[in-house]
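Peer 1: This is upload.csv (CSV, C-alpha atoms).
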chain,number,residue,atom,x,y,z
A,1,MET,CA,-8.1,14.0,-43.2
A,2,LYS,CA,-6.6,12.7,-40.0
A,3,TYR,CA,-9.4,14.2,-37.9
A,4,ILE,CA,-12.1,13.0,-40.2
A,5,GLN,CA,-10.8,9.5,-40.0
A,6,GLN,CA,-10.6,9.6,-36.2
A,7,PHE,CA,-14.0,11.1,-35.8
A,8,LEU,CA,-15.4,8.4,-38.2
A,9,ILE,CA,-13.9,5.6,-36.1
A,10,ILE,CA,-15.4,7.0,-32.9
A,11,MET,CA,-18.8,7.5,-34.5
A,12,ILE,CA,-18.8,4.0,-36.0
A,13,ILE,CA,-18.1,2.5,-32.6
A,14,SER,CA,-20.9,4.7,-31.0
A,15,PHE,CA,-23.3,3.5,-33.7
A,16,LEU,CA,-22.3,-0.2,-33.1
A,17,GLY,CA,-22.9,0.4,-29.4
A,18,GLU,CA,-26.3,1.8,-30.3
A,19,LEU,CA,-27.2,-1.2,-32.4
A,20,LEU,CA,-26.2,-3.5,-29.5
A,21,THR,CA,-28.8,-1.9,-27.2
A,22,LEU,CA,-31.3,-4.0,-29.2
A,23,LEU,CA,-30.1,-6.9,-27.1
A,24,PRO,CA,-32.3,-7.4,-24.0
A,25,LEU,CA,-29.7,-6.2,-21.5
A,26,PRO,CA,-29.8,-3.0,-19.4
A,27,ILE,CA,-26.6,-1.7,-20.9
A,28,PRO,CA,-26.5,1.7,-22.6
A,29,ALA,CA,-24.8,2.4,-26.0
A,30,SER,CA,-22.0,4.3,-24.4
A,31,VAL,CA,-20.9,1.4,-22.3
A,32,TYR,CA,-21.0,-1.1,-25.2
A,33,GLY,CA,-19.0,1.4,-27.2
A,34,LEU,CA,-16.5,1.9,-24.5
A,35,LEU,CA,-16.0,-1.9,-24.3
A,36,ILE,CA,-15.7,-2.2,-28.1
A,37,LEU,CA,-13.0,0.5,-28.3
A,38,LEU,CA,-11.2,-1.0,-25.3
A,39,ILE,CA,-11.1,-4.5,-26.9
A,40,SER,CA,-10.1,-3.0,-30.2
A,41,LEU,CA,-7.2,-1.2,-28.6
A,42,PHE,CA,-6.0,-4.3,-26.7
A,43,THR,CA,-6.3,-6.5,-29.8
A,44,GLY,CA,-4.5,-3.9,-32.0
A,45,ILE,CA,-7.4,-3.6,-34.4
A,46,ILE,CA,-7.4,0.1,-33.6
A,47,LYS,CA,-4.1,1.9,-32.7
A,48,LEU,CA,-4.0,4.7,-30.2
A,49,LYS,CA,-3.0,7.2,-32.9
A,50,ASP,CA,-6.0,6.3,-35.0
A,51,VAL,CA,-8.4,7.9,-32.4
A,52,GLU,CA,-6.3,9.8,-29.9
A,53,ASP,CA,-6.6,13.5,-31.1
A,54,VAL,CA,-10.3,13.6,-31.5
A,55,ALA,CA,-10.8,11.4,-28.4
A,56,ASP,CA,-8.8,13.8,-26.3
A,57,TRP,CA,-10.9,16.7,-27.5
A,58,LEU,CA,-14.2,15.0,-26.8
A,59,ILE,CA,-13.0,14.1,-23.3
A,60,LEU,CA,-11.9,17.7,-22.7
A,61,ILE,CA,-15.3,19.1,-23.6
A,62,MET,CA,-17.2,16.4,-21.8
A,63,PRO,CA,-18.5,18.6,-18.9
A,64,ILE,CA,-20.2,20.9,-21.4
A,65,LEU,CA,-22.0,18.0,-22.9
A,66,PHE,CA,-23.9,17.5,-19.7
A,67,VAL,CA,-25.4,21.1,-19.8
A,68,PRO,CA,-28.6,20.4,-21.7
A,69,SER,CA,-29.4,17.3,-19.6
A,70,THR,CA,-28.9,19.4,-16.5
A,71,VAL,CA,-31.2,22.1,-17.8
A,72,SER,CA,-33.8,19.4,-18.4
A,73,LEU,CA,-34.1,19.1,-14.6
A,74,MET,CA,-36.5,22.1,-14.9
A,75,ASN,CA,-39.0,19.6,-16.3
A,76,VAL,CA,-39.0,17.5,-13.1
A,77,THR,CA,-38.9,20.2,-10.5
A,78,GLU,CA,-42.4,19.2,-9.3
A,79,GLU,CA,-41.4,15.6,-8.6
A,80,LEU,CA,-38.1,16.7,-6.9
A,81,VAL,CA,-39.6,19.5,-4.8
A,82,ALA,CA,-42.4,17.2,-3.6
A,83,ASN,CA,-39.8,15.0,-1.8
A,84,LEU,CA,-37.2,17.7,-1.3
A,85,ILE,CA,-36.0,16.9,2.2
A,86,VAL,CA,-35.7,13.1,1.7
A,87,ILE,CA,-33.9,13.7,-1.6
A,88,ILE,CA,-31.4,16.1,-0.1
A,89,ILE,CA,-30.6,13.9,2.9
A,90,VAL,CA,-30.3,10.7,0.8
A,91,LEU,CA,-28.2,12.5,-1.8
A,92,ILE,CA,-25.7,14.0,0.7
A,93,VAL,CA,-25.3,10.9,2.9
A,94,GLY,CA,-25.5,8.4,0.0
A,95,THR,CA,-22.9,10.1,-2.1
A,96,VAL,CA,-20.5,10.6,0.8
A,97,VAL,CA,-20.9,6.9,1.9
A,98,VAL,CA,-20.1,5.6,-1.6
A,99,MET,CA,-17.2,7.9,-2.0
A,100,GLY,CA,-15.8,7.3,1.4
A,101,VAL,CA,-16.2,3.5,1.5
A,102,THR,CA,-14.9,3.0,-2.1
A,103,GLY,CA,-11.8,5.2,-1.5
A,104,LYS,CA,-11.0,3.9,1.9
A,105,VAL,CA,-11.3,0.2,1.0
A,106,ALA,CA,-9.3,0.7,-2.2
A,107,GLN,CA,-6.5,2.6,-0.5
A,108,ALA,CA,-6.3,0.1,2.4
A,109,MET,CA,-6.0,-2.8,0.0
A,110,ILE,CA,-3.4,-1.1,-2.2
A,111,LEU,CA,-1.3,0.0,0.7
A,112,ARG,CA,-1.3,-3.4,2.3
A,113,LYS,CA,-0.3,-5.0,-0.9
A,114,GLU,CA,2.5,-2.5,-1.4
A,115,LYS,CA,3.8,-3.2,2.1
A,116,GLN,CA,3.9,-6.9,1.5
A,117,HIS,CA,6.1,-6.4,-1.6
A,118,GLU,CA,8.6,-4.3,0.4
B,1,MET,CA,-40.2,34.7,-28.1
B,2,ASN,CA,-40.8,31.0,-28.6
B,3,SER,CA,-41.9,31.4,-32.2
B,4,ILE,CA,-38.8,33.4,-33.1
B,5,LEU,CA,-36.3,31.2,-31.3
B,6,SER,CA,-37.8,27.9,-32.3
B,7,ASN,CA,-37.1,28.8,-35.9
B,8,THR,CA,-33.4,29.3,-35.2
B,9,SER,CA,-31.0,26.4,-35.5
B,10,TYR,CA,-28.4,27.6,-33.0
B,11,PHE,CA,-30.1,29.2,-30.0
B,12,GLY,CA,-29.7,26.2,-27.7
B,13,ILE,CA,-26.1,25.6,-28.7
B,14,VAL,CA,-25.1,29.3,-28.3
B,15,MET,CA,-26.9,29.4,-25.0
B,16,SER,CA,-25.2,26.3,-23.7
B,17,LEU,CA,-21.7,27.4,-24.7
B,18,LEU,CA,-22.1,31.0,-23.6
B,19,ALA,CA,-23.5,29.9,-20.2
B,20,TYR,CA,-20.7,27.5,-19.7
B,21,TRP,CA,-18.1,30.1,-20.7
B,22,ILE,CA,-19.6,32.6,-18.2
B,23,ALA,CA,-19.7,29.8,-15.5
B,24,VAL,CA,-16.0,29.1,-16.1
B,25,GLN,CA,-15.1,32.8,-15.8
B,26,ILE,CA,-17.1,32.9,-12.5
B,27,ARG,CA,-15.2,29.8,-11.3
B,28,LYS,CA,-11.8,31.5,-12.1
B,29,LYS,CA,-12.7,34.5,-9.9
B,30,LEU,CA,-14.4,32.4,-7.2
B,31,PRO,CA,-12.6,29.0,-7.0
B,32,TYR,CA,-15.1,27.3,-4.5
B,33,PRO,CA,-16.7,23.9,-5.1
B,34,ILE,CA,-20.2,25.5,-5.0
B,35,PHE,CA,-19.4,27.4,-8.2
B,36,ASN,CA,-19.4,24.2,-10.2
B,37,PRO,CA,-19.5,25.3,-13.9
B,38,LEU,CA,-22.1,22.7,-14.8
B,39,LEU,CA,-24.4,23.8,-12.0
B,40,ILE,CA,-23.9,27.5,-12.7
B,41,SER,CA,-24.4,27.3,-16.5
B,42,ALA,CA,-27.6,25.2,-16.1
B,43,GLY,CA,-28.8,27.8,-13.5
B,44,ILE,CA,-28.1,30.6,-15.9
B,45,ILE,CA,-29.9,28.9,-18.8
B,46,ILE,CA,-32.9,27.9,-16.7
B,47,GLY,CA,-33.1,31.6,-15.5
B,48,VAL,CA,-33.0,32.9,-19.0
B,49,LEU,CA,-35.6,30.4,-20.2
B,50,TYR,CA,-37.8,31.3,-17.2
B,51,ILE,CA,-37.5,35.1,-17.6
B,52,GLY,CA,-37.9,35.0,-21.4
B,53,ASP,CA,-40.8,32.5,-21.1
B,54,ILE,CA,-39.1,30.1,-23.5
B,55,ASP,CA,-39.9,26.4,-23.5
B,56,PHE,CA,-37.3,23.8,-22.7
B,57,GLU,CA,-38.2,22.2,-26.1
B,58,THR,CA,-37.2,25.5,-27.9
B,59,TYR,CA,-33.9,25.4,-26.2
B,60,ASN,CA,-33.4,21.7,-26.7
B,61,ALA,CA,-34.2,21.8,-30.4
B,62,SER,CA,-30.5,22.6,-31.0
B,63,ALA,CA,-29.0,21.9,-27.6
B,64,LYS,CA,-29.8,18.2,-28.2
B,65,PHE,CA,-26.9,18.1,-30.7
B,66,ILE,CA,-24.5,18.8,-27.8
B,67,THR,CA,-26.1,15.9,-25.8
B,68,SER,CA,-25.7,13.6,-28.8
B,69,LEU,CA,-21.9,13.9,-28.5
B,70,LEU,CA,-22.1,12.4,-25.0
B,71,THR,CA,-22.1,8.8,-26.2
B,72,PRO,CA,-19.0,9.2,-28.4
B,73,ALA,CA,-17.3,11.1,-25.5
B,74,THR,CA,-18.1,8.3,-23.1
B,75,VAL,CA,-16.8,5.8,-25.6
B,76,CYS,CA,-13.5,7.7,-25.7
B,77,LEU,CA,-13.0,7.1,-21.9
B,78,ALA,CA,-11.7,3.7,-23.1
B,79,ILE,CA,-8.5,5.5,-24.0
B,80,PRO,CA,-7.3,6.7,-20.6
B,81,LEU,CA,-8.3,3.2,-19.4
B,82,TYR,CA,-6.2,1.5,-22.1
B,83,LYS,CA,-3.2,3.8,-21.3
B,84,GLN,CA,-3.5,2.9,-17.6
B,85,SER,CA,-4.1,-0.8,-18.1
B,86,GLN,CA,-1.0,-1.8,-16.2
B,87,ILE,CA,-2.2,-0.1,-13.1
B,88,LEU,CA,-5.6,-1.6,-13.6
B,89,MET,CA,-4.2,-5.2,-13.7
B,90,LYS,CA,-1.8,-4.4,-10.8
B,91,HIS,CA,-4.7,-3.3,-8.5
B,92,LEU,CA,-7.4,-5.5,-10.0
B,93,SER,CA,-8.6,-7.1,-6.7
B,94,ALA,CA,-8.5,-3.8,-4.8
B,95,ILE,CA,-10.6,-2.2,-7.6
B,96,ILE,CA,-13.2,-4.9,-7.8
B,97,VAL,CA,-13.6,-5.3,-4.0
B,98,SER,CA,-13.7,-1.5,-3.3
B,99,LEU,CA,-16.2,-0.8,-6.0
B,100,LEU,CA,-18.5,-3.6,-4.8
B,101,CYS,CA,-18.2,-2.4,-1.2
B,102,GLY,CA,-19.0,1.2,-2.2
B,103,CYS,CA,-22.0,0.1,-4.3
B,104,LEU,CA,-23.5,-2.0,-1.6
B,105,ALA,CA,-22.9,0.5,1.2
B,106,GLY,CA,-24.4,3.2,-1.0
B,107,MET,CA,-27.6,1.3,-1.8
B,108,LEU,CA,-28.0,0.1,1.8
B,109,SER,CA,-27.6,3.6,3.1
B,110,VAL,CA,-30.2,4.9,0.7
B,111,GLY,CA,-32.6,2.1,1.7
B,112,ILE,CA,-32.1,2.6,5.5
B,113,LEU,CA,-32.4,6.4,5.2
B,114,CYS,CA,-35.6,6.1,3.2
B,115,MET,CA,-37.0,3.8,5.8
B,116,ILE,CA,-36.1,6.2,8.7
B,117,LEU,CA,-37.6,9.1,6.8
B,118,LYS,CA,-40.7,7.1,5.9
B,119,ALA,CA,-40.3,7.8,2.1
B,120,ASP,CA,-42.7,5.9,-0.1
B,121,GLN,CA,-41.4,2.9,-2.0
B,122,THR,CA,-41.4,4.4,-5.5
B,123,LEU,CA,-39.1,7.2,-4.3
B,124,LEU,CA,-36.8,4.6,-2.6
B,125,PHE,CA,-36.6,2.6,-5.9
B,126,SER,CA,-36.0,5.8,-7.9
B,127,LEU,CA,-33.2,6.7,-5.6
B,128,LEU,CA,-31.4,3.4,-5.4
B,129,PRO,CA,-29.5,3.7,-8.7
B,130,LYS,CA,-28.5,7.3,-8.1
B,131,SER,CA,-24.7,6.8,-8.3
B,132,ILE,CA,-24.5,5.2,-11.8
B,133,THR,CA,-24.6,6.6,-15.3
B,134,THR,CA,-27.9,7.9,-16.5
B,135,ALA,CA,-28.7,5.3,-19.2
B,136,ILE,CA,-28.2,2.3,-16.9
B,137,ALA,CA,-29.9,4.1,-14.0
B,138,ILE,CA,-33.1,4.5,-16.1
B,139,ASP,CA,-33.2,0.8,-16.8
B,140,VAL,CA,-32.5,-0.2,-13.2
B,141,SER,CA,-35.2,2.2,-12.0
B,142,LYS,CA,-37.8,0.7,-14.3
B,143,LEU,CA,-36.7,-2.8,-13.4
B,144,ILE,CA,-37.2,-2.4,-9.7
B,145,GLY,CA,-40.3,-0.2,-9.9
B,146,GLY,CA,-39.0,3.3,-9.5
B,147,ASN,CA,-39.9,6.5,-11.5
B,148,PRO,CA,-37.3,6.9,-14.2
B,149,THR,CA,-38.0,10.7,-14.5
B,150,ILE,CA,-37.1,11.2,-10.8
B,151,THR,CA,-34.1,8.9,-11.3
B,152,VAL,CA,-32.7,10.9,-14.2
B,153,GLY,CA,-32.9,14.1,-12.1
B,154,ILE,CA,-31.3,12.5,-9.0
B,155,VAL,CA,-28.5,11.0,-11.1
B,156,ILE,CA,-27.5,14.3,-12.6
B,157,ILE,CA,-27.7,16.1,-9.2
B,158,THR,CA,-25.7,13.3,-7.6
B,159,GLY,CA,-23.0,13.7,-10.3
B,160,ILE,CA,-22.7,17.4,-9.8
B,161,PHE,CA,-22.8,17.1,-6.0
B,162,GLY,CA,-20.1,14.3,-6.1
B,163,ALA,CA,-17.9,16.4,-8.3
B,164,MET,CA,-18.3,19.4,-6.0
B,165,ILE,CA,-17.4,17.6,-2.8
B,166,SER,CA,-14.9,15.1,-4.2
B,167,LYS,CA,-11.8,17.1,-3.2
B,168,THR,CA,-13.0,18.0,0.3
B,169,VAL,CA,-14.2,14.4,1.1
B,170,CYS,CA,-10.9,12.9,-0.1
B,171,GLN,CA,-8.9,15.4,2.0
B,172,LEU,CA,-11.1,14.9,5.1
B,173,LEU,CA,-10.9,11.1,4.9
B,174,ARG,CA,-7.2,11.1,3.9
B,175,ILE,CA,-7.8,9.3,0.6
B,176,TYR,CA,-4.7,10.3,-1.3
B,177,HIS,CA,-3.7,7.4,-3.5
B,178,PRO,CA,-4.6,8.4,-7.1
B,179,VAL,CA,-6.2,5.0,-7.8
B,180,ALA,CA,-8.4,5.2,-4.7
B,181,ILE,CA,-9.4,8.8,-5.5
B,182,GLY,CA,-10.4,7.9,-9.1
B,183,LEU,CA,-12.5,4.9,-7.9
B,184,ALA,CA,-14.2,6.9,-5.1
B,185,ILE,CA,-15.2,9.7,-7.6
B,186,GLY,CA,-16.3,7.4,-10.4
B,187,ASN,CA,-18.2,5.0,-8.1
B,188,SER,CA,-20.2,7.8,-6.4
B,189,SER,CA,-20.7,10.3,-9.3
B,190,HIS,CA,-20.4,8.4,-12.6
B,191,ALA,CA,-19.5,10.4,-15.8
B,192,ILE,CA,-20.0,13.9,-14.4
B,193,GLY,CA,-17.6,13.0,-11.6
B,194,THR,CA,-15.2,11.5,-14.1
B,195,ALA,CA,-15.0,14.7,-16.0
B,196,LYS,CA,-13.8,16.2,-12.7
B,197,ALA,CA,-11.5,13.3,-11.9
B,198,ILE,CA,-9.7,13.9,-15.2
B,199,GLU,CA,-8.7,17.3,-13.8
B,200,PHE,CA,-7.0,15.5,-10.9
B,201,GLY,CA,-4.8,13.4,-13.2
B,202,GLU,CA,-4.6,10.7,-15.8
B,203,ILE,CA,-4.7,7.8,-13.3
B,204,GLU,CA,-7.7,9.3,-11.4
B,205,GLY,CA,-9.5,9.8,-14.7
B,206,ALA,CA,-8.9,6.3,-15.9
B,207,MET,CA,-10.0,4.7,-12.6
B,208,SER,CA,-13.1,6.9,-12.6
B,209,SER,CA,-14.0,5.8,-16.1
B,210,LEU,CA,-13.5,2.2,-15.2
B,211,SER,CA,-15.8,2.7,-12.2
B,212,ILE,CA,-18.7,3.9,-14.4
B,213,VAL,CA,-18.7,0.5,-16.2
B,214,ILE,CA,-18.2,-1.7,-13.2
B,215,ALA,CA,-20.5,0.2,-10.8
B,216,GLY,CA,-23.2,0.0,-13.5
B,217,ILE,CA,-22.8,-3.8,-13.7
B,218,PHE,CA,-22.8,-4.2,-9.9
B,219,THR,CA,-25.9,-2.0,-9.6
B,220,VAL,CA,-27.8,-3.9,-12.3
B,221,ILE,CA,-27.1,-7.2,-10.4
B,222,PHE,CA,-27.6,-6.0,-6.8
B,223,ALA,CA,-30.2,-3.3,-7.0
B,224,PRO,CA,-33.1,-5.8,-7.3
B,225,ILE,CA,-31.8,-7.8,-4.3
B,226,ILE,CA,-31.4,-4.7,-2.1
B,227,ALA,CA,-34.8,-3.4,-3.3
B,228,ASN,CA,-36.3,-6.7,-2.0
B,229,LEU,CA,-34.9,-6.0,1.5
B,230,PHE,CA,-36.9,-2.9,1.8
B,231,ILE,CA,-40.3,-4.0,0.6
Output the file's structure as structure tokens, nothing else.

Peer 2:
Amino acid sequence: MKYIQQFLIIMIISFLGELLTLLPLPIPASVYGLLILLISLFTGIIKLKDVEDVADWLILIMPILFVPSTVSLMNVTEELVANLIVIIIVLIVGTVVVMGVTGKVAQAMILRKEKQHE
Amino acid sequence: MNSILSNTSYFGIVMSLLAYWIAVQIRKKLPYPIFNPLLISAGIIIGVLYIGDIDFETYNASAKFITSLLTPATVCLAIPLYKQSQILMKHLSAIIVSLLCGCLAGMLSVGILCMILKADQTLLFSLLPKSITTAIAIDVSKLIGGNPTITVGIVIITGIFGAMISKTVCQLLRIYHPVAIGLAIGNSSHAIGTAKAIEFGEIEGAMSSLSIVIAGIFTVIFAPIIANLFI
């Protein structure tokens, strides 16, 4: 029964998130749902033990959930191949830039703050 | 082949799980970033569909049920975030500033590269939201005049690529603080990266989950402004 209840709560939140996408904002159901669950946890409406087991399992299998979307790339091969070189260069440089800048700025700020506290 | 398989209810699900299982076995034997299980399993499935002359729709008839668990799974990312909320509050300013810098630097680099490479504008606008989660990226792409189909493809490839290179990039750039690692991965490669960040540790996973939300918001706000710079 425990698992059914946990699964139910997660599904209700996903459903609410889906309903909220009717609002004219560019926010997907999953992000609305994430915020609903987060607020519910902080306010104590939902306790961690009410969702934790099923949630852990869903997070664990998350990489597999992307498989069908990745396979769907076969439907856009023409568009991707037509601009292959630009896409490859932008993809590599862009991803490294975001990763590097974010990580370096975050680390520098955190370390500086920790030093001040010493 | 299509007519037989399209009448089955489990072909796509079996195919997806089996391919992923095989990919994980390959990864165990060959632990290099290029053998990313998601990339390998999708490669196996596309190969099988191609050789067997099977339509994507036949595969997706049941595989779509796997995809439908993606929203609830993303919702559950609230849990690591909740558990790490003390760290979140402690580093709030560093988190906001670094995610904003990363977002802007990323979009500017995409714009400048597209200009240098003389890419057409639709392609540029399709590439701008590449580092955020698919559903938001589609909306941003439409909003600024990109091609959402290309955007979806790029977002997925960016996610896989980001997950693949995350460890190497963090080592090379000496990013070692778990909060910084999580933010770097989540900001550059959204939910696919986050699935990888969770393997690094709970703090990395939580920070990466958080980045999906905040990077999405920043991109919605700033993508139209950046897009205007390159018209």

Peer 1: Could you give me, as a VMD selection string, the residues within 9 Å of A:Asp50, counting only C-alpha atoms and dropping anything in the same chain fewer than 5 positions from it?

Peer 2: chain A and resid 2 5 to 6 9

Peer 1: Give me the chain A side of the contact with chain B, cut-off 7 Å, one line per residue showing its nearest atom pair and distance in Å at one decimal, counting all atoms listed in the file, sorted by chain and residue number, as CSV.

Peer 2:
residue,atom,partner,partner_atom,distance
A:Ile10,CA,B:Pro72,CA,6.2
A:Met11,CA,B:Pro72,CA,6.3
A:Ser14,CA,B:Pro72,CA,5.5
A:Pro26,CA,B:Asp139,CA,5.7
A:Ile27,CA,B:Ile136,CA,5.9
A:Pro28,CA,B:Ala135,CA,5.4
A:Ala29,CA,B:Thr71,CA,6.9
A:Ser30,CA,B:Thr71,CA,4.8
A:Val31,CA,B:Val213,CA,6.5
A:Gly33,CA,B:Val75,CA,5.2
A:Leu34,CA,B:Val75,CA,4.1
A:Leu37,CA,B:Ala78,CA,6.2
A:Leu38,CA,B:Ala78,CA,5.2
A:Ala55,CA,B:Cys76,CA,5.3
A:Leu58,CA,B:Ala73,CA,5.1
A:Ile59,CA,B:Ala73,CA,5.7
A:Met62,CA,B:Ala195,CA,6.4
A:Pro63,CA,B:Ala195,CA,6.0
A:Ile64,CA,B:Tyr20,CA,6.8
A:Leu65,CA,B:Thr67,CA,5.4
A:Phe66,CA,B:Thr67,CA,6.7
A:Val67,CA,B:Ala42,CA,5.9
A:Pro68,CA,B:Ala63,CA,6.1
A:Thr70,CA,B:Ala42,CA,6.0
A:Val71,CA,B:Ala42,CA,5.0
A:Leu73,CA,B:Gly153,CA,5.7
A:Val76,CA,B:Ile150,CA,7.0
A:Glu79,CA,B:Ile150,CA,6.5
A:Leu80,CA,B:Ile150,CA,6.8
A:Val86,CA,B:Leu117,CA,6.8
A:Val90,CA,B:Val110,CA,5.8
A:Leu91,CA,B:Thr158,CA,6.4
A:Gly94,CA,B:Gly106,CA,5.4
A:Thr95,CA,B:Ser188,CA,5.6
A:Val97,CA,B:Gly106,CA,5.9
A:Val98,CA,B:Gly102,CA,4.6
A:Met99,CA,B:Ala184,CA,4.4
A:Gly100,CA,B:Ala184,CA,6.7
A:Val101,CA,B:Gly102,CA,5.2
A:Thr102,CA,B:Gly102,CA,4.5
A:Gly103,CA,B:Ala184,CA,4.6
A:Lys104,CA,B:Ile175,CA,6.4
A:Val105,CA,B:Ser98,CA,5.2
A:Ala106,CA,B:Ser98,CA,5.0
A:Gln107,CA,B:Ala180,CA,5.3
A:Met109,CA,B:Ala94,CA,5.5
A:Ile110,CA,B:Ala94,CA,6.3

Peer 1: Of the candidates B:Ile132, B:Ile203, B:Thr122, B:Met164, which shows the shortest atom-to-atom distance to B:Pro148, using only C-alpha atoms?

Peer 2: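 Between B:Ile132, B:Ile203, B:Thr122, B:Met164, the residue approaching B:Pro148 most closely is B:Thr122.
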
Peer 1: Can you measure atom CA of B:Lys142 to atom CA of A:Ile92 for me? One decimal in Å is fine.

Peer 2: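 Going from atom CA of B:Lys142 over to atom CA of A:Ile92, I get 23.4 Å.
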
Peer 1: Take atom CA of A:Gly17 and atom CA of B:Ser141 and report the distance between them in Å, one decimal.

Peer 2: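 Distance reported for this atom pair: 21.4 Å.
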
Peer 1: If I take atom CA of B:Ile144 and atom CA of A:Leu19, how far is one from the other in Å, to one decimal?

Peer 2: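 A separation of 24.8 Å between them.
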
Peer 1: Would you list the contacts of A:Tyr3 as a list in words, taking every protein, DNA or RNA residue within 9 Å and counting only C-alpha atoms, but skipping same-chain residues closer than 5 positions in sequence?

Peer 2: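 Residues near the query, excluding close chain neighbours: Leu8, Val51, Asp53 and Val54 of chain A.
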
Peer 1: What residues have an atom no more than 9 Å from (-36.5, -2.4, 4.4) in the file's own frame, counting only C-alpha atoms, and can you write them as a PyMOL selection string?

Peer 2: chain B and resi 111-112+114-115+226-231
